[in-house]
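One structure is given here, and the rest of the page talks about it.
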Amino acid sequence: MNRVLSSSFYKHCNRAIHQTIPKHRNETQLQTAGPVASLIKSRSVIRFRGPDTVKFLQGLLTNDIRKFGEPIGDKTANFPTPNVPTTSVTPIYAALLTPQGRFLYDLFLYKPPNSDTKLDTTGTGPASDPNQPFELFADVDASVLDELLATFTKYRLRSKVEIDNVASEFSCWQRYGSGPSDNSSDVEEPEAASVGWGAGEDGAAMSSSSEAPLIEADKETDEQNYLMWRIEKGVAEGSIEIPKGEAMPLEYNLVGLNAISFDKGCYVGQELIARTHHRGVIRKRLVPLRFQDNDGKVIDKVIPGSEVVNRESGKKAGLVTTALGCRGLGLLRLEEALKGSTALSIQGQEDVKVVASKPDWWPSDWLQDLQQHTAFA
């Protein structure tokens, strides 16, 4: 996925509407529309600034933040601004957990370019600011913004890092859908093709410029198209879709989404995550769902929290965590969800048939480990 932060000034002065997505665009049209850019109003932007930023976040978050402190080289790319580095620091997806290893908040972290990688005010040479402080930006769930800021402030103690809410200065945009991912560079993450784009080295800028994105400009739908696309891919986001204080990160596929590093050392909640990863088999996972009746017609009356059961065995298969129209996400037992059974339904709504599917981006060894463990048992 291409996640982009833009300042409010840039957003209003340099925005180009290539094509507006109609309000009632259906799923098939959305899938074939090409790359799409949506303003993500459900996310807010915060900033970490100070010499201890990397050390502070490294001891808290699930991913390895140290790469933000590493040099990125002095190569330049053929862009309109010629001194933008060819290789930039890849944004990092990470999570903050409870001490017991339960999910609290997710963050997309970005490092802004240094002053010497941008032109000065005259446009004739690189800028220079020897006193430029080290800073990282993060987009976070807007619904828990104040609580998240209070949590990071509690952990800060004497660390030399400032934590600020800059939501009034920056907006979060998401680029997604088909299009450039089909022609993306092979140095990008191959598993990221089905959920957007990876990131890395793209000297010719082919991945980012091969096709201009459509701009979602319907104020009534806001980011509903992005939410539907994400649900179809089986990707949850934020502290509502991933229940705060309750969710096990491995069951919500954060390993497959590159949000967890098993090589970085200690962080808050690390013990349970490492033990489960190395010793256990994940029997439940978040999967995309489709709701329909016995004739195959879609149904849109399912609500989050509904229980999914196997009508034939009477066993509970799991829970619907997110629902949008006839699509949803559910935390289901894999042996029930992916065996091709047609007996899954919503408890109390036996006329609603539940169809679960395996996302394309899942690593193949997830199911192999489960099959081997089941056969051994």
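FYI, nothing fancy with the structure tokens labels: chains A, B, ... in order, residues from 1 per chain, ligands from 1 as they appear.
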
_Give me, as an NGL selection string, the residues of segment 258-338 of chain A that a backbone DSSP run labels strand (DSSP E or B)._
:A and (284-292 or 298 or 307-310 or 316-324 or 327-333)

*Tyr110 of chain A surroundings by only C-alpha atoms, 12 Å radius, close-in-sequence under 3 positions cut, as a ChimeraX atom specification*: /A:2-6,45-48,54,65,67-69,88-94,107,113,134-140,172

*Interatomic distance between atom CA of Ile303 of chain A and atom CA of Pro249 of chain A?*
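A separation of 22.7 Å between them.
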
_Nearest candidate to Arg311 of chain A (options A:Glu169, A:Asp351, A:Ile299, A:Arg327; using only C-alpha atoms)_ =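 Of A:Glu169, A:Asp351, A:Ile299, A:Arg327, the one nearest Arg311 of chain A, counting only C-alpha atoms, is A:Asp351.
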